[in-house]
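Coordinates from input.csv are shown below (CSV, C-alpha atoms).
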chain,number,residue,atom,x,y,z
A,1,MET,CA,90.0,93.0,97.0
A,2,THR,CA,87.8,94.3,99.9
A,3,ALA,CA,85.2,91.7,98.9
A,4,ILE,CA,87.8,89.0,99.0
A,5,LEU,CA,89.0,90.1,102.4
A,6,ALA,CA,85.5,90.2,103.8
A,7,ALA,CA,84.6,86.8,102.4
A,8,ILE,CA,87.8,85.2,103.8
A,9,TRP,CA,87.3,86.6,107.3
A,10,ALA,CA,83.5,85.9,107.2
A,11,ALA,CA,84.1,82.3,106.3
A,12,MET,CA,86.7,81.9,109.0
A,13,SER,CA,84.7,83.6,111.7
A,14,ALA,CA,81.6,81.6,110.9
A,15,SER,CA,83.4,78.4,112.0
A,16,ASP,CA,85.9,79.7,114.5
A,17,SER,CA,86.2,83.3,115.5
A,18,SER,CA,89.2,82.5,117.7
A,19,ALA,CA,91.6,81.7,114.9
A,20,VAL,CA,93.1,83.7,112.0
A,21,ALA,CA,94.6,82.0,108.9
A,22,THR,CA,97.9,83.5,108.0
A,23,THR,CA,99.4,81.3,105.3
A,24,VAL,CA,98.2,78.7,102.9
A,25,GLY,CA,101.0,76.3,101.8
A,26,ASP,CA,104.5,75.4,103.1
A,27,PRO,CA,106.8,78.5,103.2
A,28,VAL,CA,109.9,76.5,102.4
A,29,ALA,CA,108.4,74.4,99.6
A,30,ASN,CA,106.6,77.4,98.1
A,31,HIS,CA,109.7,79.5,97.8
A,32,LYS,CA,111.4,76.7,95.8
A,33,CYS,CA,108.4,76.4,93.4
A,34,TRP,CA,108.0,78.6,90.3
A,35,GLU,CA,104.8,77.1,89.1
A,36,LYS,CA,101.6,79.0,88.5
A,37,PRO,CA,99.3,78.6,91.6
A,38,GLU,CA,96.6,77.0,89.5
A,39,ALA,CA,99.1,74.4,88.3
A,40,MET,CA,100.3,73.3,91.7
A,41,THR,CA,99.3,69.8,92.8
A,42,GLU,CA,101.2,69.5,96.1
A,43,ALA,CA,99.5,69.7,99.5
A,44,ARG,CA,98.5,73.3,100.6
A,45,SER,CA,98.5,73.2,104.4
A,46,LEU,CA,96.9,76.0,106.4
A,47,ILE,CA,98.9,77.9,109.0
A,48,GLN,CA,96.9,79.9,111.6
A,49,VAL,CA,97.3,81.9,114.7
A,50,ASN,CA,95.0,81.5,117.7
A,51,ALA,CA,94.9,82.0,121.5
A,52,SER,CA,97.6,79.4,122.1
A,53,CYS,CA,99.7,80.4,119.1
A,54,PRO,CA,99.2,84.2,119.0
A,55,GLY,CA,100.1,86.5,116.1
A,56,SER,CA,99.0,90.0,117.0
A,57,ASP,CA,101.1,91.5,114.2
A,58,VAL,CA,99.4,89.7,111.3
A,59,ALA,CA,95.9,89.9,112.9
A,60,ALA,CA,96.2,93.6,113.6
A,61,GLU,CA,97.6,94.3,110.1
A,62,THR,CA,94.6,92.6,108.6
A,63,ALA,CA,92.3,94.7,111.0
A,64,ALA,CA,94.0,97.9,109.7
A,65,ALA,CA,93.5,96.8,106.1
A,66,MET,CA,89.8,96.1,106.7
A,67,ALA,CA,89.2,99.3,108.7
A,68,SER,CA,90.8,101.4,106.0
A,69,ALA,CA,89.0,99.6,103.2
A,70,SER,CA,85.7,100.3,105.0
A,71,LEU,CA,86.2,104.0,104.4
A,72,ALA,CA,86.5,103.5,100.6
A,73,ASP,CA,84.0,100.7,99.9
A,74,SER,CA,80.4,101.5,100.8
A,75,THR,CA,79.1,98.2,99.6
A,76,TYR,CA,81.1,96.2,102.1
A,77,SER,CA,81.8,98.9,104.7
A,78,SER,CA,79.8,97.5,107.6
A,79,THR,CA,81.1,94.0,107.0
A,80,LEU,CA,84.7,95.1,106.8
A,81,LEU,CA,84.4,97.3,109.9
A,82,LYS,CA,82.7,94.5,111.9
A,83,HIS,CA,85.5,92.1,111.2
A,84,ALA,CA,88.2,94.8,111.7
A,85,LYS,CA,86.9,95.3,115.2
A,86,GLN,CA,86.9,91.5,115.8
A,87,LEU,CA,90.4,91.1,114.5
A,88,PHE,CA,91.7,94.0,116.6
A,89,SER,CA,90.2,92.6,119.8
A,90,PHE,CA,91.6,89.2,118.9
A,91,ALA,CA,95.1,90.7,118.3
A,92,ASN,CA,95.0,92.8,121.4
A,93,LYS,CA,93.7,90.0,123.7
A,94,ASN,CA,96.1,87.3,122.4
A,95,ARG,CA,99.4,89.1,122.2
A,96,GLY,CA,102.5,87.6,120.5
A,97,SER,CA,104.5,87.7,117.3
A,98,TYR,CA,103.4,85.2,114.7
A,99,SER,CA,106.9,84.6,113.3
A,100,GLU,CA,108.1,83.7,116.8
A,101,ASN,CA,105.3,81.3,117.3
A,102,ILE,CA,105.4,79.8,113.8
A,103,PRO,CA,109.1,79.1,113.2
A,104,GLU,CA,108.6,77.9,109.6
A,105,VAL,CA,107.7,81.5,108.4
A,106,HIS,CA,110.6,83.2,110.3
A,107,THR,CA,113.0,83.0,107.4
A,108,TYR,CA,110.6,84.5,104.8
A,109,TYR,CA,108.1,86.7,106.7
A,110,ASN,CA,109.9,87.6,110.0
A,111,SER,CA,108.2,90.2,112.2
A,112,THR,CA,110.3,92.2,114.6
A,113,GLY,CA,107.3,93.0,116.8
A,114,TYR,CA,103.6,93.5,117.0
A,115,GLY,CA,103.2,96.8,118.9
A,116,ASP,CA,103.4,99.0,115.8
A,117,GLU,CA,100.6,96.9,114.1
A,118,LEU,CA,98.3,97.3,117.1
A,119,LEU,CA,98.8,101.1,117.0
A,120,TRP,CA,98.3,101.1,113.2
A,121,ALA,CA,95.0,99.1,113.5
A,122,ALA,CA,93.7,101.2,116.3
A,123,SER,CA,94.5,104.4,114.4
A,124,TRP,CA,92.5,103.2,111.3
A,125,LEU,CA,89.7,102.0,113.5
A,126,TYR,CA,89.4,105.4,115.1
A,127,HIS,CA,89.3,107.1,111.7
A,128,ALA,CA,86.6,104.6,110.6
A,129,THR,CA,84.5,104.7,113.7
A,130,GLY,CA,85.2,107.9,115.7
A,131,ASP,CA,85.3,105.6,118.8
A,132,ASP,CA,87.4,107.3,121.4
A,133,SER,CA,88.5,104.0,122.9
A,134,TYR,CA,90.8,103.6,120.0
A,135,LEU,CA,92.2,107.0,120.5
A,136,GLU,CA,92.7,106.2,124.1
A,137,PHE,CA,94.6,103.1,123.1
A,138,VAL,CA,97.1,104.9,120.9
A,139,THR,CA,97.7,107.8,123.3
A,140,GLY,CA,97.7,105.8,126.5
A,141,GLN,CA,99.9,103.1,127.9
A,142,ASP,CA,100.2,101.2,124.6
A,143,GLY,CA,101.3,104.4,123.0
A,144,GLU,CA,103.9,104.8,125.7
A,145,ASP,CA,105.1,101.2,125.2
A,146,TYR,CA,105.2,101.0,121.4
A,147,ALA,CA,105.0,104.3,119.7
A,148,GLN,CA,108.7,105.2,120.1
A,149,TRP,CA,107.9,108.9,120.3
A,150,GLY,CA,110.9,111.1,119.4
A,151,SER,CA,112.6,108.2,117.5
A,152,PRO,CA,111.8,108.6,113.7
A,153,THR,CA,111.7,105.3,111.8
A,154,TRP,CA,111.3,104.3,108.2
A,155,PHE,CA,107.9,103.1,107.0
A,156,SER,CA,107.9,99.5,105.8
A,157,TRP,CA,106.0,96.2,105.8
A,158,ASP,CA,107.6,95.4,109.2
A,159,ASN,CA,107.2,98.9,110.8
A,160,LYS,CA,104.0,100.8,110.6
A,161,LEU,CA,104.9,103.6,113.1
A,162,ALA,CA,105.4,106.3,110.5
A,163,GLY,CA,102.0,105.5,108.9
A,164,THR,CA,100.4,105.7,112.4
A,165,GLN,CA,102.1,109.0,113.0
A,166,VAL,CA,100.7,110.4,109.7
A,167,LEU,CA,97.1,109.2,110.6
A,168,LEU,CA,97.2,110.7,114.0
A,169,ALA,CA,99.0,113.9,113.0
A,170,ARG,CA,96.0,114.6,110.7
A,171,LEU,CA,93.8,114.9,113.7
A,172,SER,CA,95.9,117.9,114.9
A,173,PHE,CA,95.2,119.6,111.6
A,174,PHE,CA,91.6,118.7,110.8
A,175,LYS,CA,89.9,117.6,114.0
A,176,ALA,CA,91.6,119.4,116.8
A,177,LYS,CA,88.4,121.1,118.0
A,178,ASP,CA,86.5,117.9,118.2
A,179,ILE,CA,89.1,115.9,120.3
A,180,SER,CA,89.3,115.9,124.1
A,181,ASN,CA,92.3,117.7,125.5
A,182,SER,CA,93.2,114.5,127.4
A,183,TYR,CA,94.6,113.1,124.2
A,184,GLY,CA,96.5,116.2,123.3
A,185,SER,CA,99.9,115.2,124.6
A,186,GLY,CA,100.0,111.8,122.9
A,187,LEU,CA,98.8,113.2,119.6
A,188,SER,CA,101.4,116.0,119.8
A,189,SER,CA,104.1,113.3,120.3
A,190,TYR,CA,102.9,111.5,117.1
A,191,ARG,CA,102.9,114.8,115.2
A,192,LYS,CA,106.4,115.8,116.3
A,193,THR,CA,107.8,112.4,115.4
A,194,ILE,CA,106.4,112.3,111.9
A,195,GLU,CA,107.6,115.9,111.3
A,196,ALA,CA,111.1,114.6,112.1
A,197,VAL,CA,110.6,111.6,109.7
A,198,MET,CA,109.5,113.9,106.8
A,199,CYS,CA,112.4,116.4,107.5
A,200,GLY,CA,114.8,113.4,107.2
A,201,LEU,CA,113.3,112.5,103.8
A,202,LEU,CA,113.4,116.0,102.2
A,203,SER,CA,116.8,116.5,100.5
A,204,ASP,CA,116.8,120.3,101.2
A,205,SER,CA,116.0,119.9,104.9
A,206,PRO,CA,118.8,120.8,107.4
A,207,THR,CA,118.0,117.4,109.1
A,208,ALA,CA,118.0,115.3,105.9
A,209,THR,CA,119.6,112.0,106.5
A,210,LYS,CA,121.7,109.9,104.1
A,211,SER,CA,120.2,106.7,105.6
A,212,ARG,CA,116.9,107.4,103.6
A,213,THR,CA,118.7,106.3,100.4
A,214,ASP,CA,121.0,103.8,102.1
A,215,THR,CA,117.9,101.9,103.2
A,216,TYR,CA,116.6,101.7,99.6
A,217,ARG,CA,119.9,100.3,98.3
A,218,THR,CA,120.5,97.7,101.0
A,219,GLN,CA,117.1,96.1,100.9
A,220,GLN,CA,116.1,93.2,98.6
A,221,THR,CA,112.9,94.8,97.5
A,222,VAL,CA,114.0,98.4,97.0
A,223,LYS,CA,110.8,99.7,95.5
A,224,GLN,CA,108.7,99.1,98.6
A,225,PHE,CA,110.3,102.0,100.5
A,226,GLY,CA,109.9,104.5,97.7
A,227,ILE,CA,106.3,103.6,97.2
A,228,SER,CA,105.6,103.6,100.9
A,229,TYR,CA,106.9,107.1,101.3
A,230,THR,CA,105.1,108.3,98.2
A,231,ILE,CA,101.9,107.2,100.0
A,232,LEU,CA,102.9,108.9,103.3
A,233,GLN,CA,103.6,112.2,101.6
Output the file's structure as structure tokens, nothing else.
Amino acid sequence: MTAILAAIWAAMSASDSSAVATTVGDPVANHKCWEKPEAMTEARSLIQVNASCPGSDVAAETAAAMASASLADSTYSSTLLKHAKQLFSFANKNRGSYSENIPEVHTYYNSTGYGDELLWAASWLYHATGDDSYLEFVTGQDGEDYAQWGSPTWFSWDNKLAGTQVLLARLSFFKAKDISNSYGSGLSSYRKTIEAVMCGLLSDSPTATKSRTDTYRTQQTVKQFGISYTILQ
């Protein structure tokens, strides 16, 4: 998978580094089609985000995937990290939600915002590079704007805040001595928020919340939440 991601982004950046492909095919037609992909004969149009049609959420999500993969795959690590940095810069510079700018995907892949993905990507990039500029990003003004400190939220495909909180809380446990005190307040806010999330999930916790199971029952794809929280814990 990391090889595929690297190849896709490398092919795209070789021709146009100011655009990111998000979808191949027509969202409406594809959801009505139950054919095998290799048997499909209809047109497969390409949907992309760029400077005039931004999609920070999808670009930053891909940056996070590549940055995290760079930690696990030594063969493609440098290539993945190079493109993760490019994607994050692209997402940060050209801010906007892809489902707002591409109406045809709204019904199927709606995104409620891009701030959580920017923080998610920056957190993974810090872990992958140790570059303090990413730590400054998540604890500075962008953290103030998007982190929702003190407001626990469920981890899902559309909300990466809990995952970001876990990544940054790890720094308090394992790298506290190596990190400048200037980031302490922001990192502490991430840690306190994820502690509240985890306490809400544990059935014996005095702050356990019924909504953790209500969420699973009311969603179309109920397994995604259980799997997501298994990963977090």
>> Would you pick out the contacts of Asp57 (chain A) at 9 Å or less, using all atoms listed in the file, so that residues sharing its chain but fewer than 6 positions from it are not included, and give the list as a PyMOL selection string?
In response: chain A and resi 91+95-98+111+113-118
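Residues in contact range of region 177-187 of chain A, defined as at most 8 Å between only C-alpha atoms, with sequence neighbours fewer than 2 positions away removed, read Leu135, Glu136, Val138, Thr139, Gly140, Gly143, Leu168, Ala169, Leu171, Ser172, Lys175, Ser189, Tyr190 and Arg191 of chain A.
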>> Here is a test: counting all atoms listed in the file, which residue of A:Ala59, A:Ala128, A:His31, A:His106 is nearest to Asp73 (chain A)?
In response: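 Selected residue with least distance to Asp73 (chain A): A:Ala128.
One finds CA of Glu144 (chain A) at 18.4 Å from CA of Trp124 (chain A).
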> CA of Thr23 (chain A) and CA of Ala162 (chain A) are how many Å apart?
Replying inline: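 CA of Thr23 (chain A) sits 26.2 Å away from CA of Ala162 (chain A).
Restricting the calculation to all atoms listed in the file, the smallest distance between Ile102 (chain A) and any of A:Ala43, A:Ser52, A:Asp158, A:Gln86 is found for A:Ser52.
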>> Just checking: using only C-alpha atoms, which residue out of A:Gln141, A:Thr164, A:Ser18, A:Pro152 ends up closest to Glu195 (chain A)?
In response: A:Pro152
> What does the distance between CA of Ala19 (chain A) and CA of Ile47 (chain A) come to in Å, to one decimal place?
Replying inline: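 According to the coordinates, CA of Ala19 (chain A) and CA of Ile47 (chain A) are separated by 10.1 Å.
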>> Which residue is closest to Tyr146 (chain A)? Choose from A:Asn159, A:Thr41, A:Asn101, A:Thr62 and count all atoms listed in the file.
In response: A:Asn159
With 6 Å on each side, where is the centre of the axis-aligned box around all listed atoms of region 18-24 of chain A, and how long are its edges in Å to one decimal, as JSON?
{"center_x": 94.3, "center_y": 81.2, "center_z": 110.3, "size_x": 22.2, "size_y": 17.0, "size_z": 26.8}
>> Restricting the calculation to all atoms listed in the file: of A:Ser123, A:Ser188, A:Thr22, A:Gln48, which residue gets closest to Phe88 (chain A)?
In response: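 Nearest candidate to Phe88 (chain A) out of A:Ser123, A:Ser188, A:Thr22, A:Gln48: A:Ser123.
Closest to Tyr126 (chain A) among A:Val20, A:Ala196, A:Leu167, A:Ala147 is A:Leu167, based on all atoms listed in the file.
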